[in-house]
$ cat query27.tsv   # TSV, C-alpha atoms and all ligand atoms
chain	number	residue	atom	x	y	z
I	1	MET	CA	81.59	123.07	95.84
I	2	ILE	CA	79.34	122.60	92.81
I	3	HIS	CA	79.30	119.48	90.62
I	4	ILE	CA	81.71	120.80	88.00
I	5	ASP	CA	84.23	121.50	90.80
I	6	TYR	CA	84.37	117.80	91.71
I	7	PHE	CA	84.77	116.80	88.09
I	8	PHE	CA	87.40	119.50	87.53
I	9	SER	CA	89.24	118.45	90.72
I	10	PHE	CA	89.42	114.83	89.59
I	11	ILE	CA	90.84	115.85	86.20
I	12	PHE	CA	93.11	118.56	87.62
I	13	PHE	CA	94.73	116.32	90.26
I	14	SER	CA	95.06	113.44	87.79
I	15	PHE	CA	97.00	115.85	85.60
I	16	LEU	CA	99.00	117.34	88.51
I	17	GLY	CA	99.85	113.86	89.79
I	18	TRP	CA	101.13	112.89	86.36
I	19	ILE	CA	103.43	115.95	86.28
I	20	LEU	CA	104.80	115.12	89.75
I	21	GLU	CA	105.44	111.48	88.81
I	22	VAL	CA	107.06	112.43	85.48
I	23	PHE	CA	109.52	114.65	87.34
I	24	TYR	CA	110.21	112.12	90.09
I	25	ARG	CA	110.58	109.06	87.84
I	26	SER	CA	112.39	110.80	84.98
I	27	ILE	CA	114.96	112.35	87.33
I	28	SER	CA	115.49	109.02	89.17
I	29	ASN	CA	115.87	107.07	85.89
I	30	LYS	CA	117.72	109.83	83.98
I	31	ARG	CA	115.37	109.43	81.02
I	32	PHE	CA	111.82	110.51	80.24
I	33	ILE	CA	109.29	108.15	81.82
I	34	ASN	CA	105.56	108.38	81.21
I	35	PRO	CA	104.34	106.98	84.52
I	36	GLY	CA	100.82	105.73	83.70
I	37	LEU	CA	99.56	102.59	82.03
I	38	PHE	CA	97.98	104.73	79.33
I	39	LYS	CA	99.49	107.23	76.93
I	40	GLY	CA	97.94	110.51	78.06
I	41	PRO	CA	99.04	113.05	80.71
I	42	TYR	CA	97.11	111.86	83.75
I	43	LEU	CA	97.22	109.44	86.66
I	44	ILE	CA	93.71	108.52	87.71
I	45	LEU	CA	94.86	107.32	91.13
I	46	TYR	CA	95.96	110.86	92.11
I	47	GLY	CA	92.68	112.32	90.83
I	48	THR	CA	90.66	109.75	92.78
I	49	GLY	CA	92.81	110.21	95.90
I	50	ALA	CA	92.38	114.00	95.86
I	51	LEU	CA	88.65	113.63	95.29
I	52	VAL	CA	88.34	111.20	98.22
I	53	LEU	CA	90.17	113.71	100.45
I	54	ILE	CA	88.10	116.66	99.22
I	55	ILE	CA	84.98	114.70	100.20
I	56	CYS	CA	86.39	113.34	103.50
I	57	ILE	CA	87.95	116.54	104.88
I	58	PRO	CA	84.69	118.49	105.47
I	59	LEU	CA	83.17	115.35	107.04
I	60	VAL	CA	85.88	115.15	109.71
I	61	SER	CA	86.65	118.87	110.05
I	62	THR	CA	85.39	118.97	113.66
I	63	ALA	CA	86.61	115.48	114.63
I	64	ASN	CA	89.57	114.93	116.94
I	65	LEU	CA	93.07	114.16	115.72
I	66	PHE	CA	92.81	110.40	116.23
I	67	VAL	CA	89.62	110.12	114.14
I	68	LYS	CA	91.20	112.24	111.40
I	69	ILE	CA	94.31	110.03	111.30
I	70	LEU	CA	92.12	106.94	111.09
I	71	VAL	CA	89.92	108.35	108.32
I	72	TYR	CA	92.92	109.57	106.28
I	73	PHE	CA	94.62	106.20	106.73
I	74	VAL	CA	91.57	104.25	105.53
I	75	ALA	CA	90.92	106.66	102.65
I	76	THR	CA	94.45	106.82	101.25
I	77	THR	CA	95.84	103.38	102.06
I	78	GLY	CA	92.50	101.74	101.24
I	79	LEU	CA	92.51	103.38	97.84
I	80	GLU	CA	96.12	102.37	97.25
I	81	LEU	CA	95.32	98.76	98.18
I	82	VAL	CA	92.23	98.52	95.94
I	83	ALA	CA	94.12	100.11	93.01
I	84	GLY	CA	97.07	97.77	93.59
I	85	LEU	CA	94.91	94.64	93.75
I	86	ILE	CA	92.91	95.51	90.64
I	87	GLY	CA	96.06	96.58	88.78
I	88	GLU	CA	97.79	93.33	89.76
I	89	CYS	CA	94.97	91.33	88.25
I	90	LEU	CA	94.41	93.31	85.09
I	91	SER	CA	97.90	94.35	84.13
I	92	PRO	CA	101.31	92.67	84.10
I	93	VAL	CA	102.95	95.98	85.05
I	94	ARG	CA	103.44	96.93	88.68
I	95	LEU	CA	103.65	100.70	88.99
I	96	TRP	CA	104.75	100.50	92.62
I	97	ASP	CA	106.09	97.67	94.72
I	98	TYR	CA	106.78	97.80	98.47
I	99	SER	CA	107.77	94.12	98.71
I	100	ASN	CA	111.21	94.96	100.09
I	101	ARG	CA	109.88	97.27	102.80
I	102	ARG	CA	108.88	96.32	106.34
I	103	PHE	CA	105.25	95.89	107.40
I	104	GLN	CA	103.94	95.62	103.86
I	105	PHE	CA	101.02	93.73	102.35
I	106	ARG	CA	101.70	91.96	99.06
I	107	GLY	CA	103.81	94.89	97.90
I	108	HIS	CA	100.75	97.12	97.44
I	109	ILE	CA	100.79	98.99	100.76
I	110	CYS	CA	103.33	99.45	103.54
I	111	LEU	CA	103.36	101.19	106.88
I	112	GLU	CA	106.04	103.72	105.88
I	113	PHE	CA	104.10	105.01	102.86
I	114	SER	CA	100.79	104.88	104.74
I	115	LEU	CA	102.33	107.34	107.22
I	116	TYR	CA	103.49	109.54	104.33
I	117	TRP	CA	99.95	109.52	102.90
I	118	ILE	CA	98.50	110.56	106.26
I	119	ILE	CA	101.01	113.43	106.51
I	120	LEU	CA	100.19	114.41	102.92
I	121	ALA	CA	96.47	114.36	103.72
I	122	PHE	CA	97.10	116.81	106.60
I	123	VAL	CA	99.29	119.00	104.36
I	124	PHE	CA	96.50	118.89	101.79
I	125	GLU	CA	93.93	119.89	104.41
I	126	TYR	CA	95.83	122.67	106.19
I	127	LEU	CA	98.11	124.13	103.51
I	128	PHE	CA	96.66	123.33	100.14
I	129	LEU	CA	92.89	123.02	100.29
I	130	SER	CA	91.99	126.65	101.05
I	131	LEU	CA	94.44	127.83	98.36
I	132	TYR	CA	92.91	125.39	95.91
I	133	GLN	CA	89.39	126.50	96.82
I	134	THR	CA	90.38	130.14	96.16
I	135	PHE	CA	91.78	129.02	92.80
I	136	LEU	CA	88.50	127.19	92.06
I	137	ALA	CA	86.44	130.27	92.93
I	138	TRP	CA	88.67	132.45	90.74
I	139	LEU	CA	88.55	130.11	87.73
I	140	PRO	CA	85.73	130.92	85.31
I	141	PHE	CA	83.04	128.28	84.94
I	142	SER	CA	83.72	127.94	81.18
I	143	GLY	CA	87.44	127.41	81.85
I	144	LYS	CA	86.68	124.51	84.22
I	145	VAL	CA	84.25	122.95	81.75
I	146	VAL	CA	86.58	123.21	78.74
I	147	PHE	CA	89.66	121.94	80.60
I	148	SER	CA	87.78	119.07	82.30
I	149	TRP	CA	86.03	117.82	79.18
I	150	CYS	CA	89.13	118.12	76.98
I	151	VAL	CA	91.27	116.02	79.34
I	152	PHE	CA	88.35	113.65	79.97
I	153	PHE	CA	87.94	113.17	76.22
I	154	ILE	CA	91.66	112.31	75.89
I	155	MET	CA	91.31	109.85	78.82
I	156	LEU	CA	88.30	108.20	77.29
I	157	SER	CA	89.85	107.90	73.81
I	158	ASP	CA	93.02	106.51	75.33
I	159	PHE	CA	91.08	103.95	77.36
I	160	ILE	CA	88.82	102.95	74.44
I	161	PHE	CA	91.79	102.65	72.06
I	162	ILE	CA	93.86	100.42	74.35
I	163	SER	CA	90.87	98.35	75.51
I	164	THR	CA	89.57	97.83	71.96
I	165	LYS	CA	93.01	96.78	70.78
I	166	ARG	CA	93.23	94.23	73.59
I	167	VAL	CA	89.68	92.96	73.28
I	168	PHE	CA	90.18	92.48	69.54
I	169	TYR	CA	93.40	90.62	70.21
I	170	LEU	CA	91.61	88.43	72.78
I	171	LYS	CA	88.63	87.79	70.50
I	172	GLY	CA	90.95	86.92	67.60
I	173	LYS	CA	92.96	84.62	69.82
I	174	VAL	CA	89.84	82.86	71.17
I	175	LYS	CA	88.53	82.43	67.61
I	176	LYS	CA	91.85	81.14	66.32
I	177	ASP	CA	92.59	78.82	69.23
I	178	TYR	CA	88.98	78.05	70.17
I	179	LEU	CA	89.25	74.28	69.82
I	180	SER	CA	92.40	73.93	71.89
I	181	LEU	CA	91.13	76.39	74.55
I	182	LYS	CA	87.76	74.63	74.70
I	183	SER	CA	89.32	71.19	75.07
I	184	GLU	CA	91.66	72.44	77.83
I	185	PHE	CA	88.68	74.03	79.59
I	186	ASP	CA	86.57	70.89	79.23
I	187	ALA	CA	89.35	68.73	80.64
I	188	LEU	CA	89.55	70.97	83.72
I	189	ALA	CA	85.80	71.37	84.14
I	190	ALA	CA	84.55	67.86	83.30
I	191	PRO	CA	85.31	66.11	86.63
I	192	LEU	CA	83.29	68.75	88.49
I	193	LEU	CA	80.49	69.04	85.93
I	194	GLU	CA	79.93	65.29	86.20
I	195	ASN	CA	79.44	65.54	89.95
I	196	PRO	CA	75.74	65.09	90.96
I	197	SER	CA	75.84	68.09	93.34
I	198	VAL	CA	77.09	70.39	90.60
I	199	LYS	CA	74.58	68.92	88.14
I	200	GLU	CA	71.84	69.77	90.63
I	201	LEU	CA	72.51	73.48	90.04
I	202	ALA	CA	70.60	73.12	86.77
I	203	LYS	CA	67.40	72.91	88.84
I	204	TYR	CA	67.77	76.43	90.22
I	205	LYS	CA	67.18	79.73	88.49
I	206	HIS	CA	70.00	82.12	89.34
I	207	HIS	CA	69.65	85.37	87.42
I	208	ARG	CA	65.98	85.16	86.54
I	209	GLU	CA	65.76	82.81	83.52
I	210	LYS	CA	69.40	81.68	83.64
I	211	THR	CA	70.09	78.54	85.67
I	212	ARG	CA	72.79	78.51	88.31
I	213	LEU	CA	74.64	75.81	86.38
I	214	ALA	CA	74.68	77.95	83.21
I	215	HIS	CA	75.90	80.90	85.30
I	216	VAL	CA	78.83	79.07	86.93
I	217	ILE	CA	79.89	77.58	83.58
I	218	GLU	CA	79.82	81.04	81.98
I	219	VAL	CA	81.84	82.55	84.83
I	220	ALA	CA	84.32	79.67	84.63
I	221	TRP	CA	84.74	79.94	80.85
I	222	LEU	CA	85.17	83.73	80.76
I	223	SER	CA	87.53	83.69	83.74
I	224	PHE	CA	89.53	80.91	82.08
I	225	ILE	CA	89.82	82.91	78.83
I	226	TRP	CA	90.94	86.02	80.74
I	227	GLY	CA	93.32	83.93	82.82
I	228	LYS	CA	94.91	82.59	79.64
I	229	TYR	CA	95.06	86.05	78.13
I	230	LEU	CA	96.61	87.66	81.20
I	231	SER	CA	99.22	84.91	81.30
I	232	SER	CA	100.01	85.25	77.60
I	233	ASP	CA	103.27	86.54	76.17
I	234	TYR	CA	101.30	89.25	74.36
I	235	VAL	CA	100.31	90.88	77.63
I	236	ASN	CA	103.50	90.10	79.49
I	237	GLN	CA	105.71	91.56	76.77
I	238	THR	CA	103.71	94.77	76.51
I	239	SER	CA	105.65	97.09	78.72
I	240	PHE	CA	103.32	100.02	78.12
I	241	ASN	CA	105.31	103.19	78.70
I	242	GLY	CA	108.37	101.65	80.23
I	243	ALA	CA	107.20	102.65	83.70
I	244	GLY	CA	106.90	100.14	86.51
I	245	LYS	CA	108.00	96.54	86.68
I	246	ILE	CA	106.62	93.72	84.56
I	247	HIS	CA	105.95	90.74	86.77
I	248	GLY	CA	105.32	88.26	83.96
I	249	GLN	CA	102.29	86.77	85.59
I	250	LYS	CA	101.10	83.22	85.06
I	251	LEU	CA	97.65	82.60	86.43
I	252	ASP	CA	96.54	79.23	87.74
I	253	CYS	CA	93.80	78.39	85.21
I	254	ARG	CA	92.96	75.09	86.92
I	255	ALA	CA	92.13	76.89	90.16
I	256	ILE	CA	90.19	79.54	88.20
I	257	VAL	CA	87.96	76.96	86.47
I	258	ARG	CA	87.38	74.82	89.57
I	259	GLY	CA	86.81	77.78	91.91
I	260	ALA	CA	84.45	79.45	89.44
I	261	ILE	CA	82.38	76.28	88.92
I	262	LEU	CA	81.99	75.87	92.68
I	263	HIS	CA	81.55	79.54	93.61
I	264	ASP	CA	77.73	79.42	93.79
I	265	LEU	CA	77.24	75.85	95.03
I	266	PHE	CA	74.13	76.38	97.13
I	267	PHE	CA	70.76	74.70	96.77
I	268	TYR	CA	67.92	77.15	97.28
I	269	ASP	CA	66.11	79.82	95.32
I	270	TRP	CA	67.92	82.82	96.79
I	271	LEU	CA	65.07	85.21	95.93
I	272	ARG	CA	62.43	83.24	97.84
I	273	GLU	CA	64.22	81.12	100.43
I	274	GLY	CA	67.59	80.52	102.05
I	275	PRO	CA	69.30	82.40	104.89
I	276	LYS	CA	68.89	86.08	105.64
I	277	LEU	CA	71.64	88.26	104.14
I	278	HIS	CA	72.17	85.73	101.37
I	279	GLY	CA	74.56	88.10	99.55
I	280	PHE	CA	77.00	88.01	102.46
I	281	ARG	CA	76.51	84.39	103.52
I	282	HIS	CA	76.29	82.24	100.40
I	283	CYS	CA	80.09	82.31	99.83
I	284	LYS	CA	80.62	80.33	103.04
I	285	ILE	CA	77.67	78.04	102.29
I	286	SER	CA	79.08	77.31	98.82
I	287	LEU	CA	82.52	76.66	100.27
I	288	LYS	CA	81.12	74.19	102.80
I	289	ASN	CA	79.20	72.36	100.07
I	290	ALA	CA	82.23	72.33	97.78
I	291	GLN	CA	84.43	70.86	100.50
I	292	LYS	CA	81.95	68.00	100.89
I	293	ILE	CA	82.43	66.90	97.27
I	294	VAL	CA	86.05	67.68	96.47
I	295	GLN	CA	89.37	68.54	98.07
I	296	LEU	CA	90.17	72.19	97.46
I	297	MET	CA	93.47	74.03	97.05
I	298	PRO	CA	94.03	77.38	98.86
I	299	LYS	CA	93.41	79.41	95.68
I	300	GLU	CA	90.14	77.59	95.01
I	301	ILE	CA	89.01	78.22	98.59
I	302	ASP	CA	89.85	81.91	98.26
I	303	ILE	CA	87.99	82.18	94.93
I	304	ILE	CA	84.79	80.78	96.47
I	305	LYS	CA	85.13	82.66	99.77
I	306	LYS	CA	85.83	86.09	98.26
I	307	HIS	CA	83.75	86.07	95.10
I	308	MET	CA	81.36	88.64	96.59
I	309	TRP	CA	84.11	91.10	97.51
I	310	PRO	CA	83.81	93.94	98.62
I	311	LEU	CA	80.80	92.53	100.53
I	312	THR	CA	83.18	90.04	102.14
I	313	ILE	CA	85.32	92.98	103.39
I	314	ILE	CA	88.62	91.03	103.36
I	315	PRO	CA	89.99	91.44	99.81
I	316	PRO	CA	90.84	88.48	97.54
I	317	ARG	CA	94.22	87.03	98.33
I	318	TYR	CA	95.10	85.89	94.82
I	319	LYS	CA	94.88	87.39	91.34
I	320	GLU	CA	92.75	84.39	90.38
I	321	SER	CA	90.20	85.25	93.10
I	322	LEU	CA	89.93	88.86	92.02
I	323	LEU	CA	89.56	87.82	88.39
I	324	VAL	CA	86.66	85.46	89.15
I	325	CYS	CA	85.09	88.11	91.40
I	326	LEU	CA	85.21	90.69	88.56
I	327	VAL	CA	83.94	88.23	85.93
I	328	ASP	CA	81.11	87.12	88.25
I	329	SER	CA	80.01	90.76	88.70
I	330	TYR	CA	80.23	91.32	84.94
I	331	CYS	CA	78.07	88.21	84.23
I	332	MET	CA	75.48	89.27	86.79
I	333	LEU	CA	75.31	92.78	85.34
I	334	LYS	CA	75.12	91.46	81.77
I	335	ASP	CA	72.30	89.04	82.66
I	336	TYR	CA	70.19	91.73	84.34
I	337	LEU	CA	70.84	94.35	81.65
I	338	GLN	CA	69.83	91.85	78.96
I	339	ILE	CA	66.62	91.06	80.84
I	340	LYS	CA	65.91	94.80	81.20
I	341	ALA	CA	66.54	95.34	77.47
I	342	LYS	CA	64.08	92.56	76.69
I	343	GLY	CA	61.48	94.36	78.82
I	344	GLY	CA	61.78	92.23	81.96
I	345	VAL	CA	60.96	88.66	82.74
I	346	ASN	CA	58.02	87.63	84.86
I	347	LYS	CA	58.91	85.22	87.56
I	401	FE	FE	77.59	84.29	94.27
I	402	FE	FE	77.98	84.03	90.81
$ encode --input "query27.tsv" --output "structure tokens" --more "lines below"
Ligand SMILES: [Fe+2]
Ligand SMILES: [Fe+2]
Amino acid sequence: MIHIDYFFSFIFFSFLGWILEVFYRSISNKRFINPGLFKGPYLILYGTGALVLIICIPLVSTANLFVKILVYFVATTGLELVAGLIGECLSPVRLWDYSNRRFQFRGHICLEFSLYWIILAFVFEYLFLSLYQTFLAWLPFSGKVVFSWCVFFIMLSDFIFISTKRVFYLKGKVKKDYLSLKSEFDALAAPLLENPSVKELAKYKHHREKTRLAHVIEVAWLSFIWGKYLSSDYVNQTSFNGAGKIHGQKLDCRAIVRGAILHDLFFYDWLREGPKLHGFRHCKISLKNAQKIVQLMPKEIDIIKKHMWPLTIIPPRYKESLLVCLVDSYCMLKDYLQIKAKGGVNK
């Protein structure tokens, strides 16, 4: 397969998945249901799933049945779990919920559907893939390019439109309610920021010129703002396309602020000293240090322990943990991109 085939496959299966879900959901609900969180005709999860299988299948083509089952299980159920966890954190709408099924995990995955996905992966491999590859070979190059870019352009516009609308709402809200948000944040953060161990973080550079204290405060503030936003009526009342179930989430902003302030509570210059494999180990070190200075709630523990996910392998248990993990990655990326834009900083 050439590059355009992968791109086309992602778009094509996103589109095909949307058609399947429209039929399934509209017939079950006896009214038209647009199944995605966005407006356009595509479901990115199907596109990603098909792409993962297209990549995995040749890799395990000579493997035995057991290995294939294992790989298909990890690929499909893993993808479903990651999509479910991220969706749970970023959107108040649950597009699928297995809570009432047996052997399920937080409603995102369940044994029954994992078995269906494995069967589907085999159907895809033995019945569909060769047919699809013939279709790909038959399709003219220009046809693939035009179709892929047209749908991709709709996806991008859709995403930019909805995101911009929400970011503008959030920015407006922060501007309007800045004083009350800031005083609520300060009240939650102050007891920790006055602690000598936390104050000591000002001595360490974290992302080049930025101190570790400035970093944890930034992560705490941004996570707090997002926590407030995701708990707001604005988000919870936006039912998107009428698909899925709105869970009316309320995030624990106290745990978010406290966990975020303590998430990098370690006392060494991680570039020059400290333990080997710092990236993997500093979560536990920070947690140990945090437990020495304050009593932590389960959500706060999870925030600190999982803030480097997926490096920590076990996914965050709470929405709050995933939120801090995403904001932490964003802050790190922003700091390094800013440094790069300035032409680098000499250490
Ligand atoms: Fe960290
Ligand atoms: Fe961090």
$ atom_distance --input "query27.tsv" --atom1 "atom CA of I:Tyr46" --atom2 "atom CA of I:Ile154"
16.8 Å
$ closest_residue --input "query27.tsv" --among "I:Pro310, I:Pro41, I:Pro316, I:Gly279" --to "ligand FE 402 (chain I)" --atoms "all atoms listed in the file"
I:Gly279
$ atom_distance --input "query27.tsv" --atom1 "atom CA of I:Cys283" --atom2 "atom CA of I:Leu265"
8.5 Å
$ residues_near_ligand --input "query27.tsv" --ligand "ligand FE 402 (chain I)" --cutoff "8 Å" --atoms "only C-alpha atoms and all ligand atoms" --output "count of residues only"
11
$ closest_atom_pairs --input "query27.tsv" --of "stretch 110-199 of chain I" --to "stretch 227-232 of chain I" --cutoff "9 Å" --atoms "all atoms listed in the file" --output "JSON lines"
{"residue": "I:Leu170", "atom": "CA", "partner": "I:Tyr229", "partner_atom": "CA", "distance": 6.8}
{"residue": "I:Lys173", "atom": "CA", "partner": "I:Tyr229", "partner_atom": "CA", "distance": 8.7}
{"residue": "I:Leu181", "atom": "CA", "partner": "I:Lys228", "partner_atom": "CA", "distance": 8.9}
$ residues_around --input "query27.tsv" --residues "I:Leu262" --least-positions-apart "2" --cutoff "10 Å" --atoms "only C-alpha atoms" --output "PyMOL selection string"
chain I and resi 192-193+197-198+213+216-217+220+257-260+264-266+283+286-287+289-291+294+300-301+303-304
$ atom_distance --input "query27.tsv" --atom1 "atom CA of I:Leu65" --atom2 "atom CA of I:Gly49"
20.2 Å
$ closest_residue --input "query27.tsv" --among "I:Lys203, I:Leu53, I:Leu323, I:Leu156" --to "I:Trp226" --atoms "all atoms listed in the file"
I:Leu323
$ build_atoms --input "query27.tsv" --residues "stretch 178-203 of chain I" --atoms "N, CA and C atoms" --output "mmCIF file, keeping the file's coordinate frame"
data_model
loop_
_atom_site.group_PDB
_atom_site.id
_atom_site.type_symbol
_atom_site.label_atom_id
_atom_site.label_comp_id
_atom_site.auth_asym_id
_atom_site.auth_seq_id
_atom_site.Cartn_x
_atom_site.Cartn_y
_atom_site.Cartn_z
ATOM 1 N N TYR I 178 90.176 78.457 69.430
ATOM 2 C CA TYR I 178 88.980 78.050 70.170
ATOM 3 C C TYR I 178 88.997 76.564 70.542
ATOM 4 N N LEU I 179 89.338 75.728 69.567
ATOM 5 C CA LEU I 179 89.250 74.280 69.820
ATOM 6 C C LEU I 179 90.206 73.833 70.927
ATOM 7 N N SER I 180 91.445 74.364 70.862
ATOM 8 C CA SER I 180 92.400 73.930 71.890
ATOM 9 C C SER I 180 92.024 74.516 73.262
ATOM 10 N N LEU I 181 91.543 75.783 73.264
ATOM 11 C CA LEU I 181 91.130 76.390 74.550
ATOM 12 C C LEU I 181 89.939 75.635 75.129
ATOM 13 N N LYS I 182 88.980 75.307 74.238
ATOM 14 C CA LYS I 182 87.760 74.630 74.700
ATOM 15 C C LYS I 182 88.113 73.242 75.260
ATOM 16 N N SER I 183 89.023 72.532 74.572
ATOM 17 C CA SER I 183 89.320 71.190 75.070
ATOM 18 C C SER I 183 90.094 71.257 76.397
ATOM 19 N N GLU I 184 90.947 72.286 76.544
ATOM 20 C CA GLU I 184 91.660 72.440 77.830
ATOM 21 C C GLU I 184 90.646 72.769 78.940
ATOM 22 N N PHE I 185 89.705 73.660 78.609
ATOM 23 C CA PHE I 185 88.680 74.030 79.590
ATOM 24 C C PHE I 185 87.843 72.814 79.979
ATOM 25 N N ASP I 186 87.415 72.060 78.961
ATOM 26 C CA ASP I 186 86.570 70.890 79.230
ATOM 27 C C ASP I 186 87.297 69.867 80.117
ATOM 28 N N ALA I 187 88.594 69.697 79.842
ATOM 29 C CA ALA I 187 89.350 68.730 80.640
ATOM 30 C C ALA I 187 89.397 69.155 82.109
ATOM 31 N N LEU I 188 89.504 70.475 82.344
ATOM 32 C CA LEU I 188 89.550 70.970 83.720
ATOM 33 C C LEU I 188 88.176 70.942 84.384
ATOM 34 N N ALA I 189 87.148 71.230 83.574
ATOM 35 C CA ALA I 189 85.800 71.370 84.140
ATOM 36 C C ALA I 189 85.066 70.035 84.282
ATOM 37 N N ALA I 190 85.341 69.095 83.367
ATOM 38 C CA ALA I 190 84.550 67.860 83.300
ATOM 39 C C ALA I 190 84.399 67.112 84.626
ATOM 40 N N PRO I 191 85.495 66.874 85.384
ATOM 41 C CA PRO I 191 85.310 66.110 86.630
ATOM 42 C C PRO I 191 84.294 66.752 87.571
ATOM 43 N N LEU I 192 84.254 68.088 87.598
ATOM 44 C CA LEU I 192 83.290 68.750 88.490
ATOM 45 C C LEU I 192 81.885 68.752 87.877
ATOM 46 N N LEU I 193 81.808 68.965 86.569
ATOM 47 C CA LEU I 193 80.490 69.040 85.930
ATOM 48 C C LEU I 193 79.772 67.692 85.946
ATOM 49 N N GLU I 194 80.553 66.616 86.121
ATOM 50 C CA GLU I 194 79.930 65.290 86.200
ATOM 51 C C GLU I 194 79.446 64.963 87.616
ATOM 52 N N ASN I 195 79.821 65.797 88.555
ATOM 53 C CA ASN I 195 79.440 65.540 89.950
ATOM 54 C C ASN I 195 77.935 65.814 90.147
ATOM 55 N N PRO I 196 77.189 64.910 90.794
ATOM 56 C CA PRO I 196 75.740 65.090 90.960
ATOM 57 C C PRO I 196 75.358 66.407 91.649
ATOM 58 N N SER I 197 76.163 66.840 92.638
ATOM 59 C CA SER I 197 75.840 68.090 93.340
ATOM 60 C C SER I 197 75.921 69.285 92.400
ATOM 61 N N VAL I 198 76.939 69.279 91.556
ATOM 62 C CA VAL I 198 77.090 70.390 90.600
ATOM 63 C C VAL I 198 75.970 70.326 89.566
ATOM 64 N N LYS I 199 75.664 69.098 89.129
ATOM 65 C CA LYS I 199 74.580 68.920 88.140
ATOM 66 C C LYS I 199 73.252 69.473 88.685
ATOM 67 N N GLU I 200 73.089 69.338 90.002
ATOM 68 C CA GLU I 200 71.840 69.770 90.630
ATOM 69 C C GLU I 200 71.591 71.275 90.462
ATOM 70 N N LEU I 201 72.659 72.023 90.208
ATOM 71 C CA LEU I 201 72.510 73.480 90.040
ATOM 72 C C LEU I 201 71.632 73.837 88.851
ATOM 73 N N ALA I 202 71.452 72.871 87.941
ATOM 74 C CA ALA I 202 70.600 73.120 86.770
ATOM 75 C C ALA I 202 69.131 73.272 87.168
ATOM 76 N N LYS I 203 68.796 72.836 88.396
ATOM 77 C CA LYS I 203 67.400 72.910 88.840
ATOM 78 C C LYS I 203 67.030 74.316 89.336
#
